[in-house]
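**Student:** This one is model_10.txt, compact mmCIF, N, CA and C atoms.
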# COMPACT_ATOMS: atom_id res chain seq x y z
N MET H 226 25.34 6.84 -24.27
CA MET H 226 23.99 6.69 -23.76
C MET H 226 23.97 5.52 -22.76
N ALA H 227 23.54 5.81 -21.56
CA ALA H 227 23.47 4.78 -20.53
C ALA H 227 22.15 4.04 -20.65
N THR H 228 22.23 2.76 -20.50
CA THR H 228 21.01 1.95 -20.50
C THR H 228 20.88 1.26 -19.16
N THR H 229 19.66 1.06 -18.76
CA THR H 229 19.43 0.35 -17.51
C THR H 229 18.80 -0.99 -17.83
N SER H 230 19.17 -1.96 -17.08
CA SER H 230 18.64 -3.30 -17.26
C SER H 230 17.81 -3.66 -16.04
N LYS H 231 16.56 -3.93 -16.27
CA LYS H 231 15.70 -4.34 -15.17
C LYS H 231 15.74 -5.85 -15.06
N GLN H 232 15.95 -6.33 -13.88
CA GLN H 232 15.94 -7.76 -13.66
C GLN H 232 14.54 -8.17 -13.21
N HIS H 233 14.07 -9.23 -13.77
CA HIS H 233 12.75 -9.72 -13.43
C HIS H 233 12.82 -11.18 -13.03
N ASP H 234 11.96 -11.57 -12.13
CA ASP H 234 11.78 -12.97 -11.77
C ASP H 234 10.55 -13.47 -12.51
N ARG H 235 10.65 -14.62 -13.07
CA ARG H 235 9.51 -15.22 -13.76
C ARG H 235 8.82 -16.17 -12.78
N ILE H 236 7.51 -16.01 -12.63
CA ILE H 236 6.75 -16.89 -11.74
C ILE H 236 5.55 -17.46 -12.48
N THR H 237 5.02 -18.51 -11.96
CA THR H 237 3.80 -19.10 -12.50
C THR H 237 2.75 -19.06 -11.41
N VAL H 238 1.58 -18.55 -11.74
CA VAL H 238 0.49 -18.49 -10.77
C VAL H 238 -0.76 -19.09 -11.36
N SER H 239 -1.62 -19.57 -10.50
CA SER H 239 -2.94 -20.05 -10.91
C SER H 239 -3.95 -18.99 -10.50
N LEU H 240 -4.81 -18.64 -11.44
CA LEU H 240 -5.83 -17.62 -11.19
C LEU H 240 -7.22 -18.21 -11.40
N PRO H 241 -8.21 -17.64 -10.73
CA PRO H 241 -9.58 -18.09 -10.95
C PRO H 241 -9.97 -17.96 -12.43
N HIS H 242 -10.87 -18.82 -12.84
CA HIS H 242 -11.34 -18.84 -14.23
C HIS H 242 -11.81 -17.44 -14.65
N GLY H 243 -11.37 -16.98 -15.78
CA GLY H 243 -11.78 -15.69 -16.31
C GLY H 243 -10.80 -14.55 -16.03
N TYR H 244 -9.93 -14.73 -15.05
CA TYR H 244 -8.97 -13.66 -14.73
C TYR H 244 -8.01 -13.41 -15.89
N SER H 245 -7.55 -14.46 -16.52
CA SER H 245 -6.59 -14.30 -17.61
C SER H 245 -7.16 -13.44 -18.72
N THR H 246 -8.38 -13.70 -19.10
CA THR H 246 -9.03 -12.90 -20.14
C THR H 246 -9.20 -11.45 -19.69
N ALA H 247 -9.60 -11.27 -18.44
CA ALA H 247 -9.80 -9.91 -17.91
C ALA H 247 -8.47 -9.15 -17.85
N ILE H 248 -7.40 -9.84 -17.48
CA ILE H 248 -6.08 -9.21 -17.41
C ILE H 248 -5.63 -8.80 -18.80
N LYS H 249 -5.77 -9.68 -19.76
CA LYS H 249 -5.39 -9.37 -21.14
C LYS H 249 -6.18 -8.17 -21.65
N SER H 250 -7.47 -8.16 -21.38
CA SER H 250 -8.33 -7.08 -21.85
C SER H 250 -7.96 -5.74 -21.22
N LEU H 251 -7.79 -5.73 -19.90
CA LEU H 251 -7.46 -4.49 -19.21
C LEU H 251 -6.07 -3.99 -19.60
N ALA H 252 -5.13 -4.91 -19.73
CA ALA H 252 -3.77 -4.52 -20.14
C ALA H 252 -3.81 -3.88 -21.52
N SER H 253 -4.56 -4.46 -22.41
CA SER H 253 -4.70 -3.89 -23.75
C SER H 253 -5.35 -2.52 -23.71
N GLU H 254 -6.39 -2.39 -22.92
CA GLU H 254 -7.11 -1.11 -22.78
C GLU H 254 -6.19 -0.02 -22.23
N LEU H 255 -5.30 -0.38 -21.33
CA LEU H 255 -4.39 0.59 -20.70
C LEU H 255 -3.05 0.70 -21.43
N ALA H 256 -2.90 -0.02 -22.52
CA ALA H 256 -1.67 -0.04 -23.31
C ALA H 256 -0.47 -0.47 -22.45
N LEU H 257 -0.68 -1.50 -21.66
CA LEU H 257 0.36 -2.08 -20.82
C LEU H 257 0.54 -3.54 -21.19
N SER H 258 1.69 -4.07 -20.86
CA SER H 258 1.84 -5.53 -20.96
C SER H 258 1.13 -6.14 -19.75
N GLN H 259 0.86 -7.42 -19.84
CA GLN H 259 0.24 -8.08 -18.70
C GLN H 259 1.14 -8.01 -17.47
N SER H 260 2.43 -8.14 -17.69
CA SER H 260 3.38 -8.04 -16.58
C SER H 260 3.35 -6.67 -15.94
N GLU H 261 3.30 -5.62 -16.77
CA GLU H 261 3.23 -4.25 -16.23
C GLU H 261 1.95 -4.04 -15.43
N LEU H 262 0.84 -4.53 -15.95
CA LEU H 262 -0.44 -4.38 -15.25
C LEU H 262 -0.40 -5.09 -13.89
N ILE H 263 0.08 -6.31 -13.87
CA ILE H 263 0.12 -7.06 -12.62
C ILE H 263 1.11 -6.43 -11.65
N THR H 264 2.23 -5.92 -12.16
CA THR H 264 3.21 -5.24 -11.32
C THR H 264 2.58 -4.00 -10.69
N LYS H 265 1.88 -3.20 -11.49
CA LYS H 265 1.22 -2.00 -10.96
C LYS H 265 0.15 -2.36 -9.93
N ALA H 266 -0.59 -3.41 -10.20
CA ALA H 266 -1.63 -3.85 -9.26
C ALA H 266 -1.00 -4.30 -7.94
N PHE H 267 0.09 -5.04 -8.03
CA PHE H 267 0.76 -5.50 -6.82
C PHE H 267 1.34 -4.33 -6.04
N GLU H 268 1.95 -3.37 -6.74
CA GLU H 268 2.51 -2.19 -6.07
C GLU H 268 1.41 -1.41 -5.35
N ALA H 269 0.24 -1.26 -5.98
CA ALA H 269 -0.88 -0.56 -5.35
C ALA H 269 -1.36 -1.33 -4.12
N TYR H 270 -1.42 -2.65 -4.23
CA TYR H 270 -1.84 -3.48 -3.10
C TYR H 270 -0.85 -3.34 -1.94
N LYS H 271 0.45 -3.41 -2.27
CA LYS H 271 1.48 -3.27 -1.24
C LYS H 271 1.38 -1.92 -0.55
N GLU H 272 1.15 -0.87 -1.31
CA GLU H 272 1.01 0.48 -0.74
C GLU H 272 -0.20 0.56 0.18
N THR H 273 -1.30 -0.04 -0.24
CA THR H 273 -2.51 -0.06 0.59
C THR H 273 -2.26 -0.80 1.90
N GLN H 274 -1.58 -1.94 1.83
CA GLN H 274 -1.29 -2.70 3.04
C GLN H 274 -0.37 -1.93 3.97
N GLN H 275 0.62 -1.22 3.41
CA GLN H 275 1.52 -0.41 4.23
C GLN H 275 0.76 0.72 4.90
N ARG H 276 -0.15 1.36 4.15
CA ARG H 276 -0.96 2.44 4.72
C ARG H 276 -1.82 1.93 5.86
N LYS H 277 -2.42 0.74 5.69
CA LYS H 277 -3.24 0.15 6.75
C LYS H 277 -2.40 -0.14 7.99
N LYS H 278 -1.18 -0.61 7.77
CA LYS H 278 -0.28 -0.91 8.87
C LYS H 278 0.05 0.36 9.64
N VAL H 279 0.37 1.44 8.92
CA VAL H 279 0.69 2.72 9.56
C VAL H 279 -0.53 3.27 10.29
N GLU H 280 -1.70 3.17 9.66
CA GLU H 280 -2.93 3.65 10.31
C GLU H 280 -3.20 2.88 11.60
N LYS H 281 -2.97 1.58 11.59
CA LYS H 281 -3.18 0.77 12.80
C LYS H 281 -2.23 1.21 13.92
N ILE H 282 -0.97 1.44 13.55
CA ILE H 282 0.02 1.90 14.54
C ILE H 282 -0.37 3.28 15.06
N ALA H 283 -0.77 4.17 14.15
CA ALA H 283 -1.17 5.52 14.57
C ALA H 283 -2.38 5.47 15.50
N GLN H 284 -3.34 4.59 15.18
CA GLN H 284 -4.53 4.46 16.02
C GLN H 284 -4.15 3.95 17.40
N SER H 285 -3.20 3.02 17.46
CA SER H 285 -2.78 2.52 18.77
C SER H 285 -2.11 3.63 19.58
N MET H 286 -1.41 4.55 18.90
CA MET H 286 -0.79 5.67 19.61
C MET H 286 -1.86 6.65 20.10
N VAL H 287 -2.90 6.85 19.32
CA VAL H 287 -4.00 7.72 19.77
C VAL H 287 -4.62 7.14 21.03
N ASP H 288 -4.84 5.82 21.01
CA ASP H 288 -5.40 5.16 22.20
C ASP H 288 -4.47 5.33 23.40
N GLU H 289 -3.17 5.20 23.16
CA GLU H 289 -2.19 5.36 24.24
C GLU H 289 -2.24 6.79 24.78
N TYR H 290 -2.33 7.78 23.91
CA TYR H 290 -2.42 9.16 24.37
C TYR H 290 -3.69 9.40 25.18
N ARG H 291 -4.78 8.78 24.77
CA ARG H 291 -6.04 8.96 25.49
C ARG H 291 -5.99 8.33 26.88
N GLN H 292 -5.24 7.23 27.01
CA GLN H 292 -5.22 6.49 28.26
C GLN H 292 -4.09 6.89 29.20
N ASN H 293 -3.06 7.53 28.69
CA ASN H 293 -1.88 7.84 29.49
C ASN H 293 -1.84 9.35 29.77
N SER H 294 -2.23 9.71 30.97
CA SER H 294 -2.31 11.14 31.32
C SER H 294 -0.95 11.83 31.28
N ASP H 295 0.12 11.10 31.48
CA ASP H 295 1.46 11.70 31.40
C ASP H 295 1.78 12.18 29.99
N LEU H 296 1.27 11.48 28.99
CA LEU H 296 1.55 11.86 27.61
C LEU H 296 0.78 13.11 27.17
N VAL H 297 -0.38 13.35 27.77
CA VAL H 297 -1.20 14.49 27.36
C VAL H 297 -1.09 15.67 28.31
N ALA H 298 -0.27 15.55 29.33
CA ALA H 298 -0.14 16.61 30.33
C ALA H 298 0.30 17.93 29.72
N LEU H 299 1.10 17.89 28.68
CA LEU H 299 1.64 19.11 28.09
C LEU H 299 0.96 19.52 26.79
N THR H 300 -0.15 18.89 26.44
CA THR H 300 -0.82 19.23 25.17
C THR H 300 -1.35 20.66 25.13
N THR H 301 -1.63 21.24 26.28
CA THR H 301 -2.07 22.63 26.27
C THR H 301 -0.97 23.57 25.77
N LEU H 302 0.27 23.16 25.92
CA LEU H 302 1.39 23.97 25.44
C LEU H 302 1.53 23.91 23.93
N ASP H 303 1.24 22.76 23.32
CA ASP H 303 1.43 22.66 21.88
C ASP H 303 0.11 22.86 21.11
N GLY H 304 -0.98 23.01 21.80
CA GLY H 304 -2.25 23.33 21.16
C GLY H 304 -2.97 22.15 20.52
N GLU H 305 -2.53 20.93 20.77
CA GLU H 305 -3.21 19.77 20.21
C GLU H 305 -3.99 19.06 21.29
N ASP H 306 -5.13 18.51 20.91
CA ASP H 306 -5.98 17.82 21.83
C ASP H 306 -6.10 16.36 21.42
N PHE H 307 -5.57 15.45 22.20
CA PHE H 307 -5.62 14.03 21.89
C PHE H 307 -6.71 13.31 22.66
N LYS H 308 -7.53 14.02 23.41
CA LYS H 308 -8.57 13.37 24.20
C LYS H 308 -9.85 13.25 23.43
What would you get if you wrote out this structure as structure tokens?

**Tutor:**
Amino acid sequence: MATTSKQHDRITVSLPHGYSTAIKSLASELALSQSELITKAFEAYKETQQRKKVEKIAQSMVDEYRQNSDLVALTTLDGEDFK
């Protein structure tokens, strides 16, 4: 039977008053350890930030397509309208 070992870094953080109690309560409610809850929250935050970054880049490309007539010259061939 193969076992996997997860390596973790231990950190110390300061949180606003009341967060510790709320974290303990929510972790208990979700049947998670506090570390698991914070890890999941951080992963969700990271994913949201990555999505925002991609959306910003995509929006800049839309703007580029709208402003650059050379890029949209062939859109009638592919059936997409970027204007």

**Student:** Can you check which residues of region 254-304 of chain H DSSP gives as helix (DSSP H, G or I) on the backbone and send them as a PyMOL selection string?

**Tutor:** chain H and resi 254+259-292+294-297+300-303

**Student:** Could you check how far atom C of Glu272 (chain H) sits from atom N of Asp234 (chain H), in Å to one decimal?

**Tutor:**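 These atoms are spaced 21.1 Å apart.
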
**Student:** By how many Å are CA of Arg235 (chain H) and CA of Ala256 (chain H) apart?

**Tutor:** 21.1 Å

**Student:** Could you state the separation of atom C of Ser239 (chain H) and CA of Ile263 (chain H) in Å, given to one decimal place?

**Tutor:** 12.8 Å

**Student:** Dig up all the protein and nucleic acid residues within 12 Å of (0.7, -14.9, -12.5) in the file frame, using only C-alpha atoms, and format them as an mmCIF file with N, CA and C atoms, in the coordinates of the input.

**Tutor:**
data_model
loop_
_atom_site.group_PDB
_atom_site.id
_atom_site.type_symbol
_atom_site.label_atom_id
_atom_site.label_comp_id
_atom_site.auth_asym_id
_atom_site.auth_seq_id
_atom_site.Cartn_x
_atom_site.Cartn_y
_atom_site.Cartn_z
ATOM 1 N N ASP H 234 11.960 -11.570 -12.130
ATOM 2 C CA ASP H 234 11.780 -12.970 -11.770
ATOM 3 C C ASP H 234 10.550 -13.470 -12.510
ATOM 4 N N ARG H 235 10.650 -14.620 -13.070
ATOM 5 C CA ARG H 235 9.510 -15.220 -13.760
ATOM 6 C C ARG H 235 8.820 -16.170 -12.780
ATOM 7 N N ILE H 236 7.510 -16.010 -12.630
ATOM 8 C CA ILE H 236 6.750 -16.890 -11.740
ATOM 9 C C ILE H 236 5.550 -17.460 -12.480
ATOM 10 N N THR H 237 5.020 -18.510 -11.960
ATOM 11 C CA THR H 237 3.800 -19.100 -12.500
ATOM 12 C C THR H 237 2.750 -19.060 -11.410
ATOM 13 N N VAL H 238 1.580 -18.550 -11.740
ATOM 14 C CA VAL H 238 0.490 -18.490 -10.770
ATOM 15 C C VAL H 238 -0.760 -19.090 -11.360
ATOM 16 N N SER H 239 -1.620 -19.570 -10.500
ATOM 17 C CA SER H 239 -2.940 -20.050 -10.910
ATOM 18 C C SER H 239 -3.950 -18.990 -10.500
ATOM 19 N N LEU H 240 -4.810 -18.640 -11.440
ATOM 20 C CA LEU H 240 -5.830 -17.620 -11.190
ATOM 21 C C LEU H 240 -7.220 -18.210 -11.400
ATOM 22 N N PRO H 241 -8.210 -17.640 -10.730
ATOM 23 C CA PRO H 241 -9.580 -18.090 -10.950
ATOM 24 C C PRO H 241 -9.970 -17.960 -12.430
ATOM 25 N N TYR H 244 -9.930 -14.730 -15.050
ATOM 26 C CA TYR H 244 -8.970 -13.660 -14.730
ATOM 27 C C TYR H 244 -8.010 -13.410 -15.890
ATOM 28 N N SER H 245 -7.550 -14.460 -16.520
ATOM 29 C CA SER H 245 -6.590 -14.300 -17.610
ATOM 30 C C SER H 245 -7.160 -13.440 -18.720
ATOM 31 N N ILE H 248 -7.400 -9.840 -17.480
ATOM 32 C CA ILE H 248 -6.080 -9.210 -17.410
ATOM 33 C C ILE H 248 -5.630 -8.800 -18.800
ATOM 34 N N LYS H 249 -5.770 -9.680 -19.760
ATOM 35 C CA LYS H 249 -5.390 -9.370 -21.140
ATOM 36 C C LYS H 249 -6.180 -8.170 -21.650
ATOM 37 N N GLN H 259 0.860 -7.420 -19.840
ATOM 38 C CA GLN H 259 0.240 -8.080 -18.700
ATOM 39 C C GLN H 259 1.140 -8.010 -17.470
ATOM 40 N N SER H 260 2.430 -8.140 -17.690
ATOM 41 C CA SER H 260 3.380 -8.040 -16.580
ATOM 42 C C SER H 260 3.350 -6.670 -15.940
ATOM 43 N N GLU H 261 3.300 -5.620 -16.770
ATOM 44 C CA GLU H 261 3.230 -4.250 -16.230
ATOM 45 C C GLU H 261 1.950 -4.040 -15.430
ATOM 46 N N LEU H 262 0.840 -4.530 -15.950
ATOM 47 C CA LEU H 262 -0.440 -4.380 -15.250
ATOM 48 C C LEU H 262 -0.400 -5.090 -13.890
ATOM 49 N N ILE H 263 0.080 -6.310 -13.870
ATOM 50 C CA ILE H 263 0.120 -7.060 -12.620
ATOM 51 C C ILE H 263 1.110 -6.430 -11.650
ATOM 52 N N THR H 264 2.230 -5.920 -12.160
ATOM 53 C CA THR H 264 3.210 -5.240 -11.320
ATOM 54 C C THR H 264 2.580 -4.000 -10.690
ATOM 55 N N ALA H 266 -0.590 -3.410 -10.200
ATOM 56 C CA ALA H 266 -1.630 -3.850 -9.260
ATOM 57 C C ALA H 266 -1.000 -4.300 -7.940
ATOM 58 N N PHE H 267 0.090 -5.040 -8.030
ATOM 59 C CA PHE H 267 0.760 -5.500 -6.820
ATOM 60 C C PHE H 267 1.340 -4.330 -6.040
#

**Student:** Centre and edge lengths of an axis-aligned box around all listed atoms of region 228-243 of chain H, with 8 Å added on each side, are to be given in Å to one decimal, as AutoDock Vina command-line options.

**Tutor:**
--center_x 5.2 --center_y -8.6 --center_z -15.5 --size_x 50.0 --size_y 38.8 --size_z 26.0
